[in-house]
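File shown here: entry21.txt, holding compact mmCIF, C-alpha atoms.
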# COMPACT_ATOMS: atom_id res chain seq x y z
CA MET A 4 0.00 0.00 0.00
CA HIS A 5 1.30 3.46 -0.85
CA PHE A 6 0.37 6.88 -2.20
CA ALA A 7 1.37 7.30 -5.82
CA THR A 8 3.86 10.17 -5.98
CA GLU A 9 5.60 9.41 -9.27
CA VAL A 10 4.08 9.78 -12.72
CA ALA A 11 4.70 6.09 -13.44
CA HIS A 12 2.68 5.09 -10.38
CA VAL A 13 -0.19 7.40 -11.32
CA ARG A 14 -0.18 5.78 -14.77
CA GLU A 15 -0.56 2.39 -13.09
CA ALA A 16 -3.59 3.68 -11.19
CA GLN A 17 -5.04 5.11 -14.41
CA HIS A 18 -4.57 1.79 -16.19
CA LEU A 19 -6.34 -0.08 -13.40
CA ARG A 20 -9.17 2.45 -13.56
CA TRP A 21 -9.45 1.82 -17.30
CA GLN A 22 -9.65 -1.93 -16.71
CA VAL A 23 -12.66 -1.37 -14.45
CA TYR A 24 -14.39 1.70 -15.89
CA GLY A 25 -13.49 1.07 -19.51
CA GLU A 26 -13.33 -2.66 -20.06
CA GLU A 27 -15.97 -3.60 -17.47
CA LEU A 28 -18.34 -0.64 -17.38
CA GLY A 29 -17.93 0.42 -21.00
CA ALA A 30 -16.59 3.97 -20.60
CA LEU A 31 -15.75 5.77 -23.81
CA PRO A 32 -12.02 5.41 -24.63
CA ASN A 33 -9.64 8.34 -24.88
CA PRO A 34 -8.18 8.17 -28.42
CA ASP A 35 -4.85 9.53 -27.16
CA HIS A 36 -4.62 7.02 -24.27
CA PRO A 37 -6.83 4.03 -25.15
CA ASP A 38 -5.75 1.92 -22.16
CA LEU A 39 -5.74 4.67 -19.51
CA ASP A 40 -8.49 6.48 -17.62
CA ILE A 41 -7.01 9.99 -17.63
CA GLU A 42 -8.81 13.10 -16.42
CA PRO A 43 -7.55 16.68 -15.86
CA HIS A 44 -8.36 16.39 -12.15
CA ASP A 45 -5.69 13.71 -11.75
CA ASP A 46 -2.93 16.33 -11.54
CA PHE A 47 -4.56 17.94 -8.51
CA CYS A 48 -5.30 14.70 -6.62
CA GLN A 49 -3.53 12.23 -4.37
CA HIS A 50 -3.78 8.61 -5.49
CA ILE A 51 -3.90 5.53 -3.27
CA LEU A 52 -2.42 2.45 -4.94
CA ILE A 53 -2.73 -1.04 -3.44
CA ARG A 54 -0.55 -3.84 -4.82
CA ASP A 55 -0.66 -7.60 -4.45
CA ALA A 56 2.29 -9.74 -3.32
CA ASP A 57 3.69 -9.71 -6.87
CA GLY A 58 3.56 -5.94 -7.13
CA MET A 59 0.53 -5.77 -9.44
CA PRO A 60 -1.81 -2.80 -8.81
CA VAL A 61 -5.15 -4.18 -7.59
CA ALA A 62 -6.99 -1.21 -6.05
CA THR A 63 -6.93 2.57 -6.22
CA TYR A 64 -8.68 5.71 -4.99
CA ARG A 65 -8.34 9.32 -6.13
CA MET A 66 -8.58 12.02 -3.45
CA LEU A 67 -9.09 15.76 -3.95
CA LEU A 68 -8.84 18.17 -1.04
CA GLY A 69 -11.40 20.95 -1.13
CA LYS A 70 -8.67 23.60 -0.91
CA ASN A 71 -7.31 22.32 -4.24
CA SER A 72 -10.65 21.88 -5.97
CA LEU A 73 -11.03 25.41 -7.34
CA ALA A 74 -7.66 25.20 -9.08
CA ALA A 75 -8.84 21.90 -10.57
CA GLY A 76 -12.00 23.51 -11.91
CA GLY A 77 -14.23 22.27 -9.10
CA PHE A 78 -14.90 18.90 -7.55
CA CYS A 79 -14.90 15.98 -9.99
CA LEU A 80 -18.50 15.17 -9.08
CA GLU A 81 -19.71 18.65 -10.01
CA ARG A 82 -20.01 17.39 -13.58
CA LEU A 83 -22.72 14.96 -12.42
CA PHE A 84 -24.48 16.69 -9.51
CA ASP A 85 -25.63 20.13 -8.42
CA LEU A 86 -23.53 20.55 -5.27
CA ARG A 87 -24.57 24.09 -4.38
CA ARG A 88 -25.87 23.12 -0.92
CA ILE A 89 -22.58 21.65 0.27
CA LEU A 90 -20.12 23.92 -1.55
CA PRO A 91 -20.01 26.41 1.37
CA LEU A 92 -18.13 23.59 3.19
CA ARG A 93 -15.63 23.24 0.32
CA ASP A 94 -12.42 23.79 2.31
CA GLN A 95 -13.42 21.08 4.82
CA ILE A 96 -14.29 18.43 2.20
CA LEU A 97 -12.24 15.54 0.86
CA GLU A 98 -13.62 14.17 -2.39
CA ILE A 99 -12.87 10.48 -2.94
CA ASP A 100 -13.42 9.41 -6.49
CA ARG A 101 -12.56 6.84 -9.18
CA GLY A 102 -12.29 4.15 -6.54
CA CYS A 103 -12.01 0.66 -7.98
CA VAL A 104 -10.70 -2.83 -7.30
CA HIS A 105 -9.47 -5.38 -9.85
CA LYS A 106 -12.18 -7.99 -10.38
CA ALA A 107 -9.92 -10.79 -9.11
CA TYR A 108 -9.44 -9.01 -5.74
CA ARG A 109 -12.94 -7.97 -4.73
CA GLY A 110 -12.91 -9.73 -1.43
CA GLY A 111 -10.64 -10.50 1.46
CA SER A 112 -8.57 -7.62 2.78
CA THR A 113 -8.43 -5.42 -0.33
CA PHE A 114 -11.24 -3.09 0.70
CA GLY A 115 -9.82 -3.02 4.21
CA LEU A 116 -6.49 -1.82 2.85
CA LEU A 117 -8.16 0.93 0.82
CA TYR A 118 -10.12 1.95 3.89
CA SER A 119 -7.00 2.04 6.09
CA ALA A 120 -5.11 4.18 3.57
CA LEU A 121 -8.03 6.59 3.40
CA VAL A 122 -8.17 6.88 7.21
CA GLN A 123 -4.41 7.52 7.22
CA PHE A 124 -4.81 10.36 4.71
CA ILE A 125 -7.72 11.91 6.61
CA SER A 126 -5.74 11.80 9.87
CA ALA A 127 -2.93 13.79 8.24
CA ASN A 128 -5.15 16.49 6.71
CA PRO A 129 -7.76 19.01 7.95
CA VAL A 130 -10.78 17.15 6.62
CA SER A 131 -14.25 17.25 8.20
CA TYR A 132 -16.41 15.80 5.42
CA LEU A 133 -16.20 13.11 2.75
CA LEU A 134 -17.79 13.36 -0.68
CA GLY A 135 -17.94 10.35 -2.99
CA ALA A 136 -20.06 8.31 -5.38
CA ALA A 137 -20.77 4.62 -5.84
CA SER A 138 -20.76 3.79 -9.57
CA MET A 139 -22.66 0.92 -11.16
CA SER A 140 -22.80 -0.31 -14.72
CA MET A 141 -25.77 0.68 -16.87
CA GLU A 142 -25.77 -2.75 -18.51
CA ASP A 143 -28.91 -3.58 -16.53
CA GLY A 144 -30.56 -0.32 -17.59
CA GLY A 145 -29.90 1.24 -14.19
CA ARG A 146 -31.98 -1.27 -12.23
CA MET A 147 -29.37 -1.91 -9.52
CA ALA A 148 -28.72 1.78 -8.87
CA ALA A 149 -32.44 2.54 -8.76
CA SER A 150 -33.12 -0.46 -6.52
CA LEU A 151 -30.37 0.45 -4.08
CA TYR A 152 -31.57 4.04 -3.90
CA ARG A 153 -35.13 2.90 -3.17
CA GLN A 154 -33.80 0.38 -0.64
CA TYR A 155 -31.56 2.74 1.33
CA GLN A 156 -33.14 6.18 1.06
CA ALA A 157 -35.44 5.70 4.06
CA GLN A 158 -32.60 5.02 6.49
CA HIS A 159 -29.63 6.68 4.84
CA LEU A 160 -30.90 9.81 3.09
CA ALA A 161 -28.88 12.94 3.88
CA PRO A 162 -30.50 15.94 5.58
CA PRO A 163 -31.84 18.60 3.17
CA GLU A 164 -28.75 20.82 3.53
CA TRP A 165 -26.58 17.98 2.16
CA GLN A 166 -28.82 16.87 -0.69
CA ALA A 167 -27.85 17.25 -4.36
CA ASP A 168 -29.79 16.83 -7.57
CA PRO A 169 -28.30 14.87 -10.50
CA LEU A 170 -27.59 16.98 -13.58
CA VAL A 171 -28.70 14.07 -15.78
CA SER A 172 -31.20 11.96 -13.90
CA LEU A 173 -31.51 8.23 -14.22
CA PRO A 174 -35.02 7.68 -15.64
CA LEU A 175 -36.34 5.91 -12.54
CA GLU A 176 -39.89 5.88 -13.86
CA ASN A 177 -38.72 3.53 -16.63
CA VAL A 178 -36.71 1.24 -14.35
CA ASP A 179 -38.11 -1.88 -12.68
CA VAL A 180 -37.18 -1.51 -9.02
CA ASP A 181 -39.35 -4.30 -7.64
CA VAL A 182 -36.37 -6.66 -7.49
CA PRO A 183 -33.75 -5.25 -5.06
CA GLY A 184 -30.17 -5.22 -6.23
CA ASP A 185 -27.30 -6.61 -4.19
CA THR A 186 -25.56 -4.04 -2.04
CA GLN A 187 -22.60 -2.85 -4.07
CA SER A 188 -19.19 -2.99 -2.34
CA MET A 189 -18.28 0.69 -2.74
CA LEU A 190 -21.72 1.72 -1.52
CA ARG A 191 -21.31 -0.50 1.55
CA GLY A 192 -17.98 1.17 2.22
CA TYR A 193 -19.42 4.68 2.06
CA LEU A 194 -22.32 3.75 4.35
CA ARG A 195 -19.92 2.18 6.86
CA MET A 196 -17.98 5.45 6.90
CA GLY A 197 -21.11 7.39 7.83
CA GLY A 198 -21.96 8.50 4.30
CA ARG A 199 -25.53 9.54 3.51
CA LEU A 200 -27.29 9.35 0.16
CA CYS A 201 -27.61 12.85 -1.27
CA GLY A 202 -30.47 12.00 -3.62
CA PRO A 203 -31.40 9.98 -6.71
CA PRO A 204 -28.68 8.49 -8.92
CA ALA A 205 -27.14 10.39 -11.81
CA TRP A 206 -26.61 8.94 -15.25
CA ASP A 207 -22.97 9.33 -16.31
CA GLN A 208 -23.13 8.89 -20.07
CA GLN A 209 -19.36 9.21 -20.52
CA TYR A 210 -18.66 6.26 -18.25
CA ASN A 211 -21.87 4.34 -18.96
CA SER A 212 -22.63 4.23 -15.25
CA ALA A 213 -25.27 5.15 -12.70
CA ASP A 214 -23.82 7.03 -9.73
CA LEU A 215 -25.16 7.39 -6.20
CA LEU A 216 -23.73 10.46 -4.42
CA LEU A 217 -22.86 10.21 -0.72
CA PHE A 218 -21.72 12.81 1.80
CA GLY A 219 -20.87 12.51 5.47
CA SER A 220 -18.85 13.69 8.43
CA THR A 221 -15.41 12.19 9.03
CA ALA A 222 -16.21 12.22 12.75
CA LEU A 223 -18.41 9.16 12.09
CA ILE A 224 -15.64 7.10 10.49
CA PRO A 225 -14.63 4.10 12.66
CA VAL A 226 -10.85 3.82 12.90
CA PRO A 227 -9.49 0.27 12.34
CA ARG A 228 -7.23 -1.09 15.04
CA SER A 229 -4.68 -2.38 12.51
CA PRO A 230 -3.88 -1.62 8.86
CA LEU A 231 -5.35 -4.96 7.73
CA GLU A 232 -8.56 -4.78 9.73
CA LYS A 233 -11.73 -4.17 7.72
CA PRO A 234 -14.36 -1.76 9.04
CA ALA A 235 -17.07 -3.49 11.05
CA PRO A 236 -20.16 -4.53 9.04
Mind converting the file's structure to C-alpha cells?
Amino acid sequence: MHFATEVAHVREAQHLRWQVYGEELGALPNPDHPDLDIEPHDDFCQHILIRDADGMPVATYRMLLGKNSLAAGGFCLERLFDLRRILPLRDQILEIDRGCVHKAYRGGSTFGLLYSALVQFISANPVSYLLGAASMSMEDGGRMAASLYRQYQAQHLAPPEWQADPLVSLPLENVDVDVPGDTQSMLRGYLRMGGRLCGPPAWDQQYNSADLLLFGSTALIPVPRSPLEKPAP
C-alpha cells in the first residue's frame, strides 16, 4: 500500500481504472490514451495504490482536497451533480473518487487496505467531510442503482442541507425496481464510513454508469485497530 507520488505510479492507477471503468463498465475510450483512464483532475489529486504480493496494482482511490478543488475547476463530481448546498463547506471536504478494485481481488482484505489508507490520509489532513459516489454499470438499464436508492433512502438519506440533484437523472420511472439489487461494495464502504445518500442516482453517459452520491462527516468514520482490519459490518 502506498500513495502514488511518481508519474509512473499514477499511470498504473489510471490503467487499473481503465480496466474497471473502460473494459468492465464500458466507458468511452480516450483516443490519445486508449488503455488509460485519464482526467484533468488527476494532476490535482492524491492517489492511493494497493498492490498484491507480486507488485501488481489491484486497487486505487483518487482524493481531492477541497482547498485544491477550485484550481482543478471544481470537484470531480460537479459534472454529475448540483452541489450548491454543500459547496459552502468546500475547504473542509475531501472528495474520494474513481475508486475501484481489480475484479480478481474484490474480497478478502483489499477493501480493508483501501479503507485504512483513506483513514491515514484523513488523519494527516484538515478534513471534516467526505464526498464520494458509488458507480454501477448501466448494462442492466440502471436497475441496480435505482433499486439500491429505493432500498436505502429511508434510512440513509442525507438531511436537506446535504442533498444534491443529479444533472442528468436516471429515468427511474422507466426502471423496474421491484427486485432489489445486491448491495454494491463501494456503496457498503461509504455507508460504513457514515456516508448519507444525497439524492437519486445520476446517469454518467461518458462512463456508462449510474452514480449514487454520498456525503458525510469524518467524525463518524470508525478507525481500524490495525492496517489490515476491515471496518465493522
Write out as a short mmCIF file (atom, residue, chain, number, x, y, z; two decimals) with C-alpha atoms, keeping the file's coordinate frame the residues lying within 7 Å of Arg88 in chain A, counting all atoms listed in the file and excluding same-chain residues fewer than 5 positions away.
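Full text of out_27.cif as output:
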data_model
loop_
_atom_site.label_atom_id
_atom_site.label_comp_id
_atom_site.auth_asym_id
_atom_site.auth_seq_id
_atom_site.Cartn_x
_atom_site.Cartn_y
_atom_site.Cartn_z
CA GLU A 164 -28.75 20.82 3.53
CA TRP A 165 -26.58 17.98 2.16
CA GLN A 166 -28.82 16.87 -0.69
#
**Study point:** Using all atoms listed in the file: which of A:Leu200, A:Ile53, A:Met66, A:Met141 has the shortest distance to Ala30 in chain A
**Key:**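 Among the listed residues, A:Met141 lies closest to Ala30 in chain A.
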Check your understanding: Suppose you want the space between CA of Leu68 in chain A and CA of His12 in chain A; what is it in Å?
Key -> 19.8 Å
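Minimum atom-to-atom distance to Gln123 in chain A, evaluated using only C-alpha atoms, belongs to A:Ile51 out of A:Ala149, A:Ile96, A:Ile51, A:Ala62.
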Exercise for review: Pick out the closest residue to Glu142 in chain A from this set: A:Cys48, A:Leu39, A:Ser212, A:Ile99. Count only C-alpha atoms.
Suggested key: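 Smallest separation from Glu142 in chain A among the options: A:Ser212.
One distance worth recording is that between CA of Ile41 in chain A and CA of Arg20 in chain A, which is 8.8 Å.
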Practice item. Check the smallest atom-to-atom distance from each of A:Arg93, A:Leu86, A:Leu117, A:Val122 to Gly202 in chain A using all atoms listed in the file, then report the winner. Key: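 Smallest separation from Gly202 in chain A among the options: A:Leu86.
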Review point. Of the candidates A:Ala222, A:Leu67, A:Ala120, A:Ala161, which shows the shortest atom-to-atom distance to Cys201 in chain A, using all atoms listed in the file?
Key: A:Ala161
Point to revise | Surrounding residues of range 69-73 of chain A excluding itself and chain neighbours under 2 positions, 10 Å, only C-alpha atoms, as an MDAnalysis selection string | key: chainID A and resid 44 47:48 66:67 75:79 90 92:98 129:130 132:134
Hey, can you spit out that residue selection with C-alpha atoms as a short mmCIF file (atom, residue, chain, number, x, y, z; two decimals), in the frame of the given file?
data_model
loop_
_atom_site.label_atom_id
_atom_site.label_comp_id
_atom_site.auth_asym_id
_atom_site.auth_seq_id
_atom_site.Cartn_x
_atom_site.Cartn_y
_atom_site.Cartn_z
CA HIS A 44 -8.36 16.39 -12.15
CA PHE A 47 -4.56 17.94 -8.51
CA CYS A 48 -5.30 14.70 -6.62
CA MET A 66 -8.58 12.02 -3.45
CA LEU A 67 -9.09 15.76 -3.95
CA ALA A 75 -8.84 21.90 -10.57
CA GLY A 76 -12.00 23.51 -11.91
CA GLY A 77 -14.23 22.27 -9.10
CA PHE A 78 -14.90 18.90 -7.55
CA CYS A 79 -14.90 15.98 -9.99
CA LEU A 90 -20.12 23.92 -1.55
CA LEU A 92 -18.13 23.59 3.19
CA ARG A 93 -15.63 23.24 0.32
CA ASP A 94 -12.42 23.79 2.31
CA GLN A 95 -13.42 21.08 4.82
CA ILE A 96 -14.29 18.43 2.20
CA LEU A 97 -12.24 15.54 0.86
CA GLU A 98 -13.62 14.17 -2.39
CA PRO A 129 -7.76 19.01 7.95
CA VAL A 130 -10.78 17.15 6.62
CA TYR A 132 -16.41 15.80 5.42
CA LEU A 133 -16.20 13.11 2.75
CA LEU A 134 -17.79 13.36 -0.68
#
Review point. Just how far from CA of Asn128 in chain A is CA of Leu190 in chain A, in Å to one decimal?
Key: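 Calculated distance between CA of Leu190 in chain A and CA of Asn128 in chain A is 23.7 Å.
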Exercise for review: Pick out the residues sitting within 12 Å of Leu194 in chain A, and hand them over as a PyMOL selection string; count all atoms listed in the file, and ignore anything fewer than 2 positions along from it in its own chain.
Suggested key: chain A and resi 133-137+155-156+158-161+186-192+196-201+215-221+223-225+234-236
For range 44-47 of chain A, take all atoms listed in the file, fit an axis-aligned box around them, add 3 Å to each of the six sides, then output centre and edge lengths in Å rounded to one decimal, as lines of an AutoDock Vina configuration file.
center_x = -5.6
center_y = 15.8
center_z = -10.3
size_x = 11.4
size_y = 10.2
size_z = 9.6
**Study point:** Nearest-residue call for Ala11 in chain A, choices A:Pro174, A:Leu52, A:Arg153, A:Ser140, using all atoms listed in the file
**Key:**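 Once distances to Ala11 in chain A are computed over all atoms listed in the file, the minimum belongs to A:Leu52.
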**Study point:** Long-range neighbours of range 104-110 of chain A as a ChimeraX atom specification, 8 Å cut-off, only C-alpha atoms, 4 positions minimum in chain
**Key:** /A:19,22-23,61-63,114
Since fewer atoms than expected are present, regenerate N, CA and C atoms for range 155-175 of chain A and write them as a tab-separated table (two decimals), keeping the file's coordinate frame.
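Result file follows (selection25.tsv):
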chain	number	residue	atom	x	y	z
A	155	TYR	N	-32.31	2.09	0.26
A	155	TYR	CA	-31.56	2.74	1.33
A	155	TYR	C	-31.98	4.17	1.64
A	156	GLN	N	-32.83	4.77	0.83
A	156	GLN	CA	-33.14	6.18	1.06
A	156	GLN	C	-33.86	6.42	2.38
A	157	ALA	N	-34.69	5.48	2.82
A	157	ALA	CA	-35.44	5.70	4.06
A	157	ALA	C	-34.52	5.85	5.26
A	158	GLN	N	-33.49	5.01	5.34
A	158	GLN	CA	-32.60	5.02	6.49
A	158	GLN	C	-31.36	5.88	6.31
A	159	HIS	N	-30.93	6.06	5.07
A	159	HIS	CA	-29.63	6.68	4.84
A	159	HIS	C	-29.67	7.96	4.01
A	160	LEU	N	-30.83	8.58	3.86
A	160	LEU	CA	-30.90	9.81	3.09
A	160	LEU	C	-30.31	10.97	3.89
A	161	ALA	N	-29.52	11.80	3.23
A	161	ALA	CA	-28.88	12.94	3.88
A	161	ALA	C	-29.92	13.99	4.27
A	162	PRO	N	-29.60	14.82	5.26
A	162	PRO	CA	-30.50	15.94	5.58
A	162	PRO	C	-30.59	16.90	4.41
A	163	PRO	N	-31.63	17.73	4.34
A	163	PRO	CA	-31.84	18.60	3.17
A	163	PRO	C	-30.63	19.46	2.81
A	164	GLU	N	-29.88	19.93	3.82
A	164	GLU	CA	-28.75	20.82	3.53
A	164	GLU	C	-27.58	20.08	2.87
A	165	TRP	N	-27.63	18.75	2.82
A	165	TRP	CA	-26.58	17.98	2.16
A	165	TRP	C	-27.07	17.32	0.87
A	166	GLN	N	-28.29	17.55	0.49
A	166	GLN	CA	-28.82	16.87	-0.69
A	166	GLN	C	-28.38	17.54	-1.99
A	167	ALA	N	-28.33	16.75	-3.06
A	167	ALA	CA	-27.85	17.25	-4.36
A	167	ALA	C	-28.65	16.57	-5.47
A	168	ASP	N	-29.04	17.36	-6.44
A	168	ASP	CA	-29.79	16.83	-7.57
A	168	ASP	C	-28.84	16.39	-8.69
A	169	PRO	N	-29.11	15.28	-9.34
A	169	PRO	CA	-28.30	14.87	-10.50
A	169	PRO	C	-28.52	15.84	-11.66
A	170	LEU	N	-27.44	16.13	-12.40
A	170	LEU	CA	-27.59	16.98	-13.58
A	170	LEU	C	-28.27	16.23	-14.71
A	171	VAL	N	-27.98	14.94	-14.83
A	171	VAL	CA	-28.70	14.07	-15.78
A	171	VAL	C	-29.27	12.92	-14.96
A	172	SER	N	-30.57	12.94	-14.78
A	172	SER	CA	-31.20	11.96	-13.90
A	172	SER	C	-31.31	10.60	-14.57
A	173	LEU	N	-31.18	9.57	-13.76
A	173	LEU	CA	-31.51	8.23	-14.22
A	173	LEU	C	-33.03	8.15	-14.34
A	174	PRO	N	-33.56	7.69	-15.47
A	174	PRO	CA	-35.02	7.68	-15.64
A	174	PRO	C	-35.68	6.60	-14.78
A	175	LEU	N	-35.84	6.90	-13.49
A	175	LEU	CA	-36.34	5.91	-12.54
A	175	LEU	C	-37.74	5.42	-12.90
